[in-house]
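Shown here: target39.tsv, TSV, C-alpha atoms.
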```
chain	number	residue	atom	x	y	z
A	1	MET	CA	91.39	120.65	115.13
A	2	ARG	CA	90.60	117.17	113.88
A	3	ARG	CA	87.41	115.68	115.27
A	4	ALA	CA	87.95	113.12	118.02
A	5	VAL	CA	85.34	110.75	116.55
A	6	ARG	CA	85.39	107.87	114.08
A	7	THR	CA	84.50	109.71	110.83
A	8	PRO	CA	80.69	109.97	110.96
A	9	THR	CA	80.64	111.78	107.61
A	10	LEU	CA	81.33	108.68	105.48
A	11	ASP	CA	78.59	108.26	102.92
A	12	GLN	CA	76.42	105.14	102.73
A	13	ASN	CA	77.14	104.31	99.10
A	14	PRO	CA	78.23	100.74	98.34
A	15	TYR	CA	81.98	100.14	98.22
A	16	LEU	CA	84.36	97.25	97.60
A	17	ALA	CA	86.09	96.19	100.81
A	18	ARG	CA	88.49	93.77	99.12
A	19	TYR	CA	89.68	93.05	95.61
A	20	PHE	CA	92.95	91.20	95.26
A	21	LEU	CA	94.80	88.49	93.39
A	22	ARG	CA	96.52	85.62	95.17
A	23	GLU	CA	99.06	83.23	93.70
A	24	VAL	CA	99.98	80.03	95.55
A	25	ILE	CA	103.28	78.49	94.44
A	26	PRO	CA	103.82	74.91	95.70
A	27	ILE	CA	107.21	73.85	97.04
A	28	GLY	CA	107.03	70.07	97.11
A	29	LYS	CA	104.20	67.61	96.51
A	30	GLU	CA	102.57	67.29	99.93
A	31	THR	CA	99.06	68.76	100.27
A	32	GLU	CA	96.47	69.32	102.99
A	33	SER	CA	92.70	69.86	102.84
A	34	VAL	CA	91.23	73.21	103.89
A	35	ALA	CA	87.59	74.16	104.44
A	36	GLN	CA	85.86	77.07	102.78
A	37	GLY	CA	86.09	80.34	104.70
A	38	GLU	CA	86.51	84.08	104.30
A	39	SER	CA	88.89	84.69	101.38
A	40	GLN	CA	89.55	80.93	101.26
A	41	LEU	CA	88.36	78.35	98.73
A	42	ALA	CA	87.84	74.77	99.89
A	43	GLY	CA	90.11	72.06	98.58
A	44	PRO	CA	93.73	70.86	98.70
A	45	ARG	CA	96.65	73.24	99.13
A	46	PRO	CA	100.42	72.63	99.33
A	47	THR	CA	101.81	72.23	102.85
A	48	HIS	CA	105.02	73.96	101.69
A	49	ARG	CA	104.19	77.03	99.64
A	50	ILE	CA	104.90	80.62	98.70
A	51	VAL	CA	101.81	82.85	98.72
A	52	ILE	CA	101.78	86.22	96.95
A	53	SER	CA	98.79	88.54	97.48
A	54	GLY	CA	98.21	91.97	95.98
A	55	GLY	CA	95.32	94.45	95.80
A	56	LYS	CA	92.95	95.90	98.37
A	57	MET	CA	92.59	93.95	101.61
A	58	GLY	CA	92.93	94.22	105.36
A	59	VAL	CA	96.49	94.05	106.64
A	60	SER	CA	95.05	92.02	109.53
A	61	ASP	CA	93.81	89.42	107.01
A	62	ILE	CA	97.44	88.26	106.84
A	63	PHE	CA	99.29	89.66	109.89
A	64	ASP	CA	98.52	89.30	113.63
A	65	THR	CA	95.91	86.62	112.97
A	66	ASN	CA	94.56	84.37	115.73
A	67	ARG	CA	92.04	81.54	115.47
A	68	TYR	CA	90.37	82.54	118.77
A	69	ALA	CA	90.34	86.34	118.48
A	70	ASN	CA	90.32	87.81	114.99
A	71	THR	CA	86.81	88.70	113.78
A	72	THR	CA	83.86	90.61	115.22
A	73	ARG	CA	81.45	88.53	113.14
A	74	THR	CA	81.76	85.41	115.28
A	75	GLN	CA	84.19	86.22	118.12
A	76	PHE	CA	85.09	89.14	120.41
A	77	MET	CA	83.94	92.66	119.53
A	78	ASN	CA	86.49	94.83	121.37
A	79	TRP	CA	89.17	96.22	119.04
A	80	GLY	CA	91.94	95.13	121.40
A	81	LEU	CA	90.83	91.51	121.08
A	82	ILE	CA	90.18	91.23	117.35
A	83	ASN	CA	93.69	92.64	116.77
A	84	CYS	CA	96.50	93.89	118.97
A	85	ALA	CA	95.39	97.36	120.13
A	86	ALA	CA	98.95	98.75	119.84
A	87	TYR	CA	99.23	97.56	116.21
A	88	ASP	CA	98.71	100.78	114.23
A	89	TYR	CA	98.66	98.93	110.92
A	90	ALA	CA	98.23	100.71	107.60
A	91	ALA	CA	94.51	101.21	106.89
A	92	ASP	CA	91.84	103.67	105.87
A	93	THR	CA	89.04	104.49	108.30
A	94	ARG	CA	87.17	101.29	107.32
A	95	GLY	CA	90.20	99.13	108.05
A	96	TYR	CA	91.44	98.34	104.52
A	97	SER	CA	94.58	99.23	102.59
A	98	GLN	CA	96.12	98.70	99.17
A	99	GLY	CA	99.38	96.85	98.74
A	100	GLY	CA	100.81	93.39	98.75
A	101	ALA	CA	102.35	90.63	100.83
A	102	ILE	CA	104.54	87.60	100.27
A	103	GLU	CA	104.52	84.56	102.57
A	104	TYR	CA	106.73	81.50	102.87
A	105	ILE	CA	104.73	78.82	104.69
A	106	THR	CA	105.70	75.38	105.97
A	107	PRO	CA	104.14	73.07	108.61
A	108	GLY	CA	106.74	74.20	111.17
A	109	TYR	CA	107.00	77.93	110.56
A	110	ALA	CA	106.04	80.81	108.28
A	111	VAL	CA	107.63	84.13	107.31
A	112	ARG	CA	105.65	87.08	105.97
A	113	PHE	CA	106.45	90.51	104.58
A	114	GLY	CA	104.00	93.19	103.41
A	115	LEU	CA	104.00	96.74	102.06
A	116	PHE	CA	100.80	98.83	102.17
A	117	GLN	CA	99.55	102.39	101.65
A	118	MET	CA	98.93	104.81	104.51
A	119	PRO	CA	96.03	107.31	104.63
A	120	LYS	CA	96.65	111.00	103.87
A	121	ILE	CA	95.79	112.01	107.43
A	122	ALA	CA	94.85	110.06	110.55
A	123	ASN	CA	91.65	108.02	110.28
A	124	PHE	CA	91.04	109.12	106.68
A	125	ILE	CA	89.31	107.31	103.86
A	126	GLN	CA	91.73	108.38	101.12
A	127	PHE	CA	95.27	107.06	100.74
A	128	SER	CA	98.30	109.24	100.14
A	129	SER	CA	99.81	109.18	96.66
A	130	ASP	CA	103.21	110.24	98.05
A	131	TYR	CA	104.43	106.65	98.14
A	132	LYS	CA	107.98	107.59	99.10
A	133	ASN	CA	106.91	109.15	102.41
A	134	ASN	CA	103.67	107.30	103.17
A	135	PHE	CA	103.76	103.52	103.58
A	136	GLY	CA	103.46	100.77	106.15
A	137	VAL	CA	105.87	97.84	106.29
A	138	GLN	CA	104.85	94.62	108.07
A	139	ALA	CA	107.05	91.62	108.92
A	140	GLU	CA	106.07	88.47	110.79
A	141	LEU	CA	107.65	85.25	111.98
A	142	GLU	CA	105.24	82.45	112.88
A	143	LEU	CA	106.52	79.41	114.77
A	144	HIS	CA	104.85	76.06	115.52
A	145	PRO	CA	107.04	74.71	118.35
A	146	LYS	CA	106.84	70.93	118.73
A	147	PHE	CA	106.61	71.15	122.53
A	148	LEU	CA	103.34	73.14	122.19
A	149	ALA	CA	101.70	70.62	119.84
A	150	THR	CA	98.67	68.71	121.16
A	151	LYS	CA	96.22	66.24	119.66
A	152	ALA	CA	93.96	69.26	119.08
A	153	GLY	CA	96.52	70.96	116.83
A	154	PRO	CA	99.78	72.91	116.82
A	155	GLY	CA	100.50	75.71	119.28
A	156	ILE	CA	101.44	78.86	117.38
A	157	VAL	CA	103.61	81.84	118.37
A	158	ARG	CA	103.74	84.97	116.18
A	159	LEU	CA	106.18	87.86	116.39
A	160	THR	CA	105.01	90.79	114.27
A	161	GLY	CA	106.76	94.08	113.65
A	162	TYR	CA	105.68	97.16	111.73
A	163	TYR	CA	107.19	100.42	110.54
A	164	ASN	CA	105.03	103.29	109.29
A	165	ARG	CA	105.90	106.51	107.51
A	166	ALA	CA	103.22	109.15	107.11
A	167	HIS	CA	102.32	112.82	107.60
A	168	MET	CA	102.20	112.41	111.39
A	169	GLY	CA	102.54	114.74	114.36
A	170	ASP	CA	104.65	114.43	117.52
A	171	TYR	CA	103.06	114.41	121.01
A	172	ARG	CA	105.91	116.09	122.90
A	173	ALA	CA	106.48	118.68	120.19
A	174	SER	CA	102.74	119.51	120.24
A	175	VAL	CA	102.78	120.10	124.02
A	176	ALA	CA	105.96	122.21	123.77
A	177	LEU	CA	104.48	124.33	120.97
A	178	ALA	CA	101.29	124.90	122.95
A	179	GLN	CA	103.28	126.02	125.99
A	180	GLN	CA	105.25	128.48	123.87
A	181	THR	CA	102.14	129.96	122.24
A	182	GLY	CA	99.73	129.71	125.20
A	183	THR	CA	97.32	127.53	123.21
A	184	THR	CA	95.83	124.05	123.44
A	185	PRO	CA	98.07	121.30	122.05
A	186	ASP	CA	97.14	120.27	118.50
A	187	ILE	CA	98.84	117.22	117.03
A	188	THR	CA	98.15	118.44	113.49
A	189	ALA	CA	100.30	121.54	114.13
A	190	THR	CA	103.45	119.41	114.35
A	191	GLU	CA	102.83	117.00	111.49
A	192	THR	CA	105.85	116.50	109.26
A	193	VAL	CA	106.31	114.66	105.98
A	194	GLY	CA	107.52	111.10	106.35
A	195	ASN	CA	107.39	110.95	110.14
A	196	LYS	CA	108.09	107.49	111.56
A	197	LYS	CA	106.30	105.07	113.87
A	198	TYR	CA	107.14	101.48	114.77
A	199	GLY	CA	105.91	98.71	117.03
A	200	TYR	CA	105.97	95.02	117.95
A	201	ILE	CA	103.39	92.34	118.77
A	202	LEU	CA	103.90	88.93	120.36
A	203	GLY	CA	100.87	86.66	120.12
A	204	PHE	CA	100.04	83.01	120.67
A	205	GLU	CA	97.24	80.50	120.25
A	206	GLN	CA	97.25	77.16	122.06
A	207	PRO	CA	94.67	74.50	121.15
A	208	LEU	CA	93.88	72.25	124.10
A	209	ALA	CA	91.07	69.91	123.10
A	210	ASP	CA	87.97	69.34	120.94
A	211	GLY	CA	89.81	69.67	117.64
A	212	GLY	CA	91.04	73.11	118.66
A	213	ASN	CA	87.62	74.47	119.62
A	214	THR	CA	88.91	74.66	123.19
A	215	GLY	CA	92.09	76.68	123.61
A	216	LEU	CA	93.97	79.67	124.98
A	217	PHE	CA	95.24	82.84	123.31
A	218	GLY	CA	97.04	86.04	124.19
A	219	ARG	CA	98.85	89.10	122.85
A	220	VAL	CA	101.24	91.75	124.11
A	221	GLY	CA	101.96	94.83	122.04
A	222	TYR	CA	104.12	97.96	122.09
A	223	ASN	CA	104.65	100.95	119.83
A	224	ASP	CA	107.03	103.89	120.25
A	225	GLY	CA	104.25	106.22	121.50
A	226	LYS	CA	106.04	109.30	120.15
A	227	THR	CA	104.21	110.01	116.91
A	228	GLU	CA	100.43	110.14	116.70
A	229	ASP	CA	98.36	106.97	116.50
A	230	PHE	CA	97.20	107.17	112.92
A	231	ALA	CA	95.04	104.32	111.64
A	232	TYR	CA	93.73	101.68	114.07
A	233	THR	CA	93.11	103.02	117.56
A	234	GLU	CA	94.77	105.11	120.26
A	235	CYS	CA	96.84	102.65	122.29
A	236	ASP	CA	100.60	102.32	122.82
A	237	ARG	CA	100.95	99.38	125.23
A	238	THR	CA	98.60	96.40	125.56
A	239	GLY	CA	98.26	92.89	126.92
A	240	SER	CA	95.41	90.39	126.63
A	241	LEU	CA	94.70	86.81	127.64
A	242	GLY	CA	91.68	84.68	126.84
A	243	VAL	CA	90.13	81.25	126.66
A	244	GLN	CA	87.65	79.60	124.30
A	245	VAL	CA	85.69	76.51	125.37
A	246	SER	CA	83.73	74.22	123.09
A	247	GLY	CA	80.02	74.01	123.84
A	248	ALA	CA	80.44	70.23	123.93
A	249	ARG	CA	82.06	70.61	127.35
A	250	LEU	CA	79.32	72.87	128.71
A	251	PHE	CA	75.93	71.87	127.31
A	252	HIS	CA	76.75	68.95	124.98
A	253	ARG	CA	76.47	71.34	122.03
A	254	ALA	CA	79.63	70.76	119.96
A	255	ASP	CA	78.95	73.62	117.53
A	256	ASP	CA	78.56	76.27	120.26
A	257	VAL	CA	81.43	78.29	121.71
A	258	PHE	CA	81.95	80.13	125.01
A	259	ALA	CA	84.83	82.59	125.32
A	260	LEU	CA	86.20	85.01	127.90
A	261	ALA	CA	89.15	87.42	127.78
A	262	VAL	CA	90.76	90.17	129.85
A	263	GLU	CA	92.83	93.05	128.52
A	264	GLN	CA	94.78	96.09	129.70
A	265	ASN	CA	95.63	99.04	127.46
A	266	ASP	CA	97.97	101.96	128.19
A	267	LEU	CA	99.31	105.12	126.61
A	268	SER	CA	102.91	106.29	126.45
A	269	LYS	CA	103.75	109.15	128.83
A	270	ALA	CA	104.10	111.55	125.90
A	271	HIS	CA	100.64	110.58	124.60
A	272	ALA	CA	99.03	110.83	128.05
A	273	ASP	CA	100.66	114.22	128.72
A	274	TYR	CA	99.32	115.50	125.39
A	275	LEU	CA	95.75	114.48	126.25
A	276	ALA	CA	96.07	115.76	129.83
A	277	ALA	CA	97.05	119.17	128.44
A	278	GLY	CA	93.83	119.28	126.43
A	279	GLY	CA	94.95	117.77	123.13
A	280	SER	CA	92.77	115.53	120.97
A	281	GLY	CA	93.51	112.56	118.76
A	282	PHE	CA	91.24	110.94	116.19
A	283	LEU	CA	89.43	109.01	118.95
A	284	LEU	CA	90.38	110.53	122.31
A	285	GLY	CA	90.09	114.02	123.77
A	286	ASP	CA	88.49	115.01	127.07
A	287	GLY	CA	89.90	118.50	127.41
A	288	ALA	CA	91.78	117.05	130.39
A	289	LEU	CA	92.81	113.54	131.32
A	290	HIS	CA	92.91	111.92	134.76
A	291	TYR	CA	95.00	109.05	133.48
A	292	GLY	CA	94.41	105.42	134.36
A	293	SER	CA	95.03	102.14	132.57
A	294	GLU	CA	92.04	101.00	130.55
A	295	ARG	CA	91.05	97.50	131.69
A	296	LEU	CA	88.29	95.33	130.32
A	297	LEU	CA	86.67	91.94	130.45
A	298	GLU	CA	84.67	90.55	127.55
A	299	THR	CA	82.70	87.33	127.28
A	300	TYR	CA	80.30	85.87	124.73
A	301	TYR	CA	78.42	82.68	123.94
A	302	ASN	CA	77.96	81.60	120.32
A	303	TYR	CA	74.69	79.63	120.14
A	304	GLN	CA	74.04	77.86	116.83
A	305	LEU	CA	70.40	78.11	115.77
A	306	SER	CA	70.61	76.28	112.47
A	307	ARG	CA	72.95	75.11	109.74
A	308	HIS	CA	72.22	75.28	106.01
A	309	GLY	CA	74.87	73.40	104.11
A	310	ALA	CA	78.58	73.33	104.86
A	311	ALA	CA	79.22	77.08	104.76
A	312	THR	CA	76.04	78.77	106.04
A	313	THR	CA	75.28	78.85	109.75
A	314	ILE	CA	72.96	81.05	111.81
A	315	PHE	CA	74.19	81.98	115.30
A	316	VAL	CA	72.93	84.13	118.14
A	317	SER	CA	75.75	85.58	120.26
A	318	PRO	CA	75.05	87.41	123.52
A	319	ASP	CA	78.15	89.51	124.34
A	320	TYR	CA	79.10	91.43	127.49
A	321	GLN	CA	81.96	93.86	128.18
A	322	HIS	CA	82.98	95.54	131.44
A	323	ILE	CA	85.41	98.44	130.92
A	324	SER	CA	87.27	100.28	133.69
A	325	ASN	CA	88.65	103.77	132.93
A	326	PRO	CA	87.31	103.89	129.35
A	327	GLY	CA	89.44	106.17	127.23
A	328	TYR	CA	92.19	105.91	129.92
A	329	ASN	CA	90.25	108.37	132.12
A	330	LYS	CA	89.61	107.63	135.81
A	331	ASP	CA	86.78	110.18	135.68
A	332	ARG	CA	84.86	107.93	133.28
A	333	GLY	CA	83.02	104.69	133.86
A	334	PRO	CA	83.17	101.94	134.64
A	335	ALA	CA	81.08	101.08	131.59
A	336	ASP	CA	79.07	97.94	130.92
A	337	VAL	CA	78.27	97.08	127.31
A	338	VAL	CA	75.75	94.39	126.34
```

Rewrite the structure of this file - the entire thing - as structure tokens.
Amino acid sequence: MRRAVRTPTLDQNPYLARYFLREVIPIGKETESVAQGESQLAGPRPTHRIVISGGKMGVSDIFDTNRYANTTRTQFMNWGLINCAAYDYAADTRGYSQGGAIEYITPGYAVRFGLFQMPKIANFIQFSSDYKNNFGVQAELELHPKFLATKAGPGIVRLTGYYNRAHMGDYRASVALAQQTGTTPDITATETVGNKKYGYILGFEQPLADGGNTGLFGRVGYNDGKTEDFAYTECDRTGSLGVQVSGARLFHRADDVFALAVEQNDLSKAHADYLAAGGSGFLLGDGALHYGSERLLETYYNYQLSRHGAATTIFVSPDYQHISNPGYNKDRGPADVV
């Protein structure tokens, strides 16, 4: 039985999180200025461009991004707010994969496609070398509708889809096998080569004021819920909605940020039945499950202490989460996390 924990046996040796090459091919002569950031050099870049990236990176560096909810370093900390919780994107246990992506980007829309490696088993640090039967495909359409544009910036809508193949088990088959043999369901007992999983995410970000520092965001996500959740987290249906407000509107501190979001996560019936029968996944497993939707509220305040140059800033960020039915179990919680 696979442990229902997040791989505590990883060693503490240094490792390279990312190493990749990126080629930007201009289409036209128009350029725009961009500031320095993570995986981004400051300077001009073409407004119409093709971008090709290849190497080791996070799939979420390119797909399902959101300016208001995308990094635990400076924003929300809950996994369902930094990415769509139902997005079981290709990744090792640290959240990285090897592969490549190509993007066609214009001021009005963007199209992306990526192909990445899947881990050998769920929540594993090593990737499978059986490339034919173990891969994750990502596709995304990003739109900047004119009717959502404000003085603070363009409103953005993203539709993301993914299709995984890996050595995955089946929830219903695991329950049926356990009933036949009089044992506890074990998802690893029904794993088959090249099993399939797919899902969709619809996300948006809407700047309202203060150069985009005040705005709204949200995501809804769905995956088939038949095959085991394999890489990100155990969630099959999700919805979230949040707001970020510039500190200039609260305490006349333009570099501060206040944010608040709510979220609901759910499992497919097959997944919930598997856990209720005593099965375990790579994160969940109570021996029994009194199912209930997992609901949460998270809020934080980013308080800037000091700035050292254009790219180095020191913040303090108090963060609070209230979680109802953690792990989809009505017998747990509620839990408060500070």

Exercise for the section: Please check which residues have atoms at most 10 Å from (95.4, 83.3, 125.1) in the file's coordinates, counting all atoms listed in the file, and write them as a count of residues only. Expected result: 21

Practice task
Calculate how many Å separate atom CA of Arg94 of chain A from atom CA of Tyr200 of chain A, rounding to one decimal.
Solution key: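 Between atom CA of Arg94 of chain A and atom CA of Tyr200 of chain A the gap is 22.5 Å.
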
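Close contacts of segment 179-184 of chain A, defined as residues with an atom at most 7 Å away when counting only C-alpha atoms, with chain neighbours fewer than 3 positions off set aside, comprise Val175, Ala176, Gly278 and Gly279 of chain A.
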
Exercise for the section: Measuring atom to atom with all atoms listed in the file, identify which of A:Lys197, A:Arg112, A:Arg249, A:Arg67 is nearest to Gly155 of chain A. Expected result: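 So, comparing all the options, the nearest one is A:Arg67.
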
Handout entry: Protein, DNA and RNA residues within 6 Å of (104.6, 96.1, 117.2), all atoms listed in the file, as an NGL selection string
Key = :A and (87 or 161-162 or 199-201 or 221-223)

Exercise for the section: Could you please determine the separation between atom CA of Val220 of chain A and atom CA of Phe76 of chain A in Å, to one decimal place? Expected result: 16.8 Å

Completion exercise
Counting all atoms listed in the file, closest pick from A:Gly99, A:Gly287, A:Gly225, A:Gly114 relative to Lys196 of chain A is A:Gly225

Problem - Gap from atom CA of Tyr328 of chain A to atom CA of Asp170 of chain A - Å, one decimal - result: 19.5 Å

Write out as CSV the residues of segment 199-302 of chain A that have any atom within 9 Å of an atom of segment 134-151 of chain A, one row each with the nearest atom pair and its distance in Å to one decimal, counting only C-alpha atoms, sorted by chain and then rising number.
```
residue,atom,partner,partner_atom,distance
A:Gln206,CA,A:Leu148,CA,7.3
A:Pro207,CA,A:Thr150,CA,7.0
A:Leu208,CA,A:Thr150,CA,6.6
A:Ala209,CA,A:Lys151,CA,7.2
A:Asp210,CA,A:Lys151,CA,8.9
A:Gly211,CA,A:Lys151,CA,7.5
A:Gly212,CA,A:Lys151,CA,8.7
```

Closest pair table for segment 75-99 of chain A residues within 12 Å of segment 312-319 of chain A, all atoms listed in the file, as a Markdown table:
```
| residue | atom | partner | partner_atom | distance |
| --- | --- | --- | --- | --- |
| A:Gln75 | CA | A:Ser317 | CA | 8.7 |
| A:Phe76 | CA | A:Asp319 | CA | 8.0 |
| A:Met77 | CA | A:Asp319 | CA | 8.2 |
| A:Asn78 | CA | A:Asp319 | CA | 10.3 |
```

Problem - Leu296 of chain A surroundings by all atoms listed in the file, 6 Å radius, close-in-sequence under 5 positions cut, as a ChimeraX atom specification - result: /A:262-263,322-323

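Closest approach to Asp256 of chain A from the set A:Arg18, A:Arg49, A:Arg307, A:His167 is made by A:Arg307, with distances taken over only C-alpha atoms.
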
Practice task
Using all atoms listed in the file, determine which residues lie at most 12 Å from Ala173 of chain A, disregarding the query and same-chain residues fewer than 2 positions distant; provide the list as a PyMOL selection string.
Solution key: chain A and resi 168-171+175-180+185-192+226-228+270-271+273-274+279

As a PDB file, in the coordinates of the input, please: segment 73-82 of chain A completed to all heavy atoms.
```
ATOM      1  N   ARG A  73      82.649  89.205 113.638  1.00  0.00           N
ATOM      2  CA  ARG A  73      81.450  88.530 113.140  1.00  0.00           C
ATOM      3  C   ARG A  73      81.057  87.345 114.023  1.00  0.00           C
ATOM      4  O   ARG A  73      79.873  87.085 114.234  1.00  0.00           O
ATOM      5  CB  ARG A  73      81.666  88.047 111.700  1.00  0.00           C
ATOM      6  CG  ARG A  73      81.721  89.172 110.682  1.00  0.00           C
ATOM      7  CD  ARG A  73      81.909  88.600 109.282  1.00  0.00           C
ATOM      8  NE  ARG A  73      81.815  89.634 108.273  1.00  0.00           N
ATOM      9  CZ  ARG A  73      82.847  90.359 107.857  1.00  0.00           C
ATOM     10  NH1 ARG A  73      84.041  90.164 108.391  1.00  0.00           N
ATOM     11  NH2 ARG A  73      82.696  91.278 106.930  1.00  0.00           N
ATOM     12  N   THR A  74      82.058  86.633 114.538  1.00  0.00           N
ATOM     13  CA  THR A  74      81.760  85.410 115.280  1.00  0.00           C
ATOM     14  C   THR A  74      82.518  85.312 116.598  1.00  0.00           C
ATOM     15  O   THR A  74      82.335  84.334 117.327  1.00  0.00           O
ATOM     16  CB  THR A  74      82.112  84.177 114.433  1.00  0.00           C
ATOM     17  OG1 THR A  74      83.506  84.241 114.076  1.00  0.00           O
ATOM     18  CG2 THR A  74      81.269  84.104 113.180  1.00  0.00           C
ATOM     19  N   GLN A  75      83.377  86.309 116.920  1.00  0.00           N
ATOM     20  CA  GLN A  75      84.190  86.220 118.120  1.00  0.00           C
ATOM     21  C   GLN A  75      84.048  87.497 118.960  1.00  0.00           C
ATOM     22  O   GLN A  75      82.959  88.042 119.058  1.00  0.00           O
ATOM     23  CB  GLN A  75      85.652  85.941 117.723  1.00  0.00           C
ATOM     24  CG  GLN A  75      85.820  84.602 117.005  1.00  0.00           C
ATOM     25  CD  GLN A  75      87.216  84.400 116.462  1.00  0.00           C
ATOM     26  OE1 GLN A  75      87.954  85.321 116.159  1.00  0.00           O
ATOM     27  NE2 GLN A  75      87.599  83.125 116.324  1.00  0.00           N
ATOM     28  N   PHE A  76      85.129  87.946 119.571  1.00  0.00           N
ATOM     29  CA  PHE A  76      85.090  89.140 120.410  1.00  0.00           C
ATOM     30  C   PHE A  76      84.811  90.380 119.573  1.00  0.00           C
ATOM     31  O   PHE A  76      85.089  90.424 118.368  1.00  0.00           O
ATOM     32  CB  PHE A  76      86.411  89.313 121.151  1.00  0.00           C
ATOM     33  CG  PHE A  76      86.709  88.196 122.110  1.00  0.00           C
ATOM     34  CD1 PHE A  76      87.551  87.156 121.743  1.00  0.00           C
ATOM     35  CD2 PHE A  76      86.151  88.180 123.370  1.00  0.00           C
ATOM     36  CE1 PHE A  76      87.830  86.121 122.617  1.00  0.00           C
ATOM     37  CE2 PHE A  76      86.421  87.150 124.260  1.00  0.00           C
ATOM     38  CZ  PHE A  76      87.259  86.121 123.878  1.00  0.00           C
ATOM     39  N   MET A  77      84.286  91.427 120.225  1.00  0.00           N
ATOM     40  CA  MET A  77      83.940  92.660 119.530  1.00  0.00           C
ATOM     41  C   MET A  77      84.882  93.814 119.865  1.00  0.00           C
ATOM     42  O   MET A  77      84.972  94.782 119.110  1.00  0.00           O
ATOM     43  CB  MET A  77      82.502  93.065 119.843  1.00  0.00           C
ATOM     44  CG  MET A  77      81.477  92.013 119.434  1.00  0.00           C
ATOM     45  SD  MET A  77      79.776  92.571 119.633  1.00  0.00           S
ATOM     46  CE  MET A  77      79.665  93.720 118.258  1.00  0.00           C
ATOM     47  N   ASN A  78      85.594  93.744 121.004  1.00  0.00           N
ATOM     48  CA  ASN A  78      86.490  94.830 121.370  1.00  0.00           C
ATOM     49  C   ASN A  78      87.683  94.874 120.418  1.00  0.00           C
ATOM     50  O   ASN A  78      88.265  93.842 120.082  1.00  0.00           O
ATOM     51  CB  ASN A  78      86.975  94.639 122.808  1.00  0.00           C
ATOM     52  CG  ASN A  78      87.725  95.854 123.312  1.00  0.00           C
ATOM     53  OD1 ASN A  78      88.915  96.008 123.067  1.00  0.00           O
ATOM     54  ND2 ASN A  78      87.005  96.719 124.025  1.00  0.00           N
ATOM     55  N   TRP A  79      88.082  96.074 120.013  1.00  0.00           N
ATOM     56  CA  TRP A  79      89.170  96.220 119.040  1.00  0.00           C
ATOM     57  C   TRP A  79      90.485  95.633 119.539  1.00  0.00           C
ATOM     58  O   TRP A  79      91.303  95.164 118.753  1.00  0.00           O
ATOM     59  CB  TRP A  79      89.372  97.698 118.690  1.00  0.00           C
ATOM     60  CG  TRP A  79      88.289  98.265 117.852  1.00  0.00           C
ATOM     61  CD1 TRP A  79      87.221  97.611 117.324  1.00  0.00           C
ATOM     62  CD2 TRP A  79      88.155  99.629 117.459  1.00  0.00           C
ATOM     63  NE1 TRP A  79      86.426  98.477 116.628  1.00  0.00           N
ATOM     64  CE2 TRP A  79      86.975  99.728 116.691  1.00  0.00           C
ATOM     65  CE3 TRP A  79      88.899 100.774 117.691  1.00  0.00           C
ATOM     66  CZ2 TRP A  79      86.540 100.924 116.145  1.00  0.00           C
ATOM     67  CZ3 TRP A  79      88.465 101.972 117.145  1.00  0.00           C
ATOM     68  CH2 TRP A  79      87.305 102.043 116.378  1.00  0.00           C
ATOM     69  N   GLY A  80      90.705  95.670 120.861  1.00  0.00           N
ATOM     70  CA  GLY A  80      91.940  95.130 121.400  1.00  0.00           C
ATOM     71  C   GLY A  80      91.983  93.622 121.451  1.00  0.00           C
ATOM     72  O   GLY A  80      93.008  93.041 121.798  1.00  0.00           O
ATOM     73  N   LEU A  81      90.870  92.953 121.110  1.00  0.00           N
ATOM     74  CA  LEU A  81      90.830  91.510 121.080  1.00  0.00           C
ATOM     75  C   LEU A  81      90.734  90.952 119.664  1.00  0.00           C
ATOM     76  O   LEU A  81      91.186  89.831 119.405  1.00  0.00           O
ATOM     77  CB  LEU A  81      89.655  90.993 121.923  1.00  0.00           C
ATOM     78  CG  LEU A  81      89.776  91.297 123.418  1.00  0.00           C
ATOM     79  CD1 LEU A  81      88.508  90.896 124.158  1.00  0.00           C
ATOM     80  CD2 LEU A  81      90.995  90.609 124.027  1.00  0.00           C
ATOM     81  N   ILE A  82      90.182  91.717 118.735  1.00  0.00           N
ATOM     82  CA  ILE A  82      90.180  91.230 117.350  1.00  0.00           C
ATOM     83  C   ILE A  82      91.548  91.425 116.701  1.00  0.00           C
ATOM     84  O   ILE A  82      91.932  90.683 115.794  1.00  0.00           O
ATOM     85  CB  ILE A  82      89.080  91.903 116.497  1.00  0.00           C
ATOM     86  CG1 ILE A  82      89.237  93.424 116.453  1.00  0.00           C
ATOM     87  CG2 ILE A  82      87.719  91.527 117.014  1.00  0.00           C
ATOM     88  CD1 ILE A  82      88.285  94.116 115.501  1.00  0.00           C
TER      89      ILE A  82
END
```
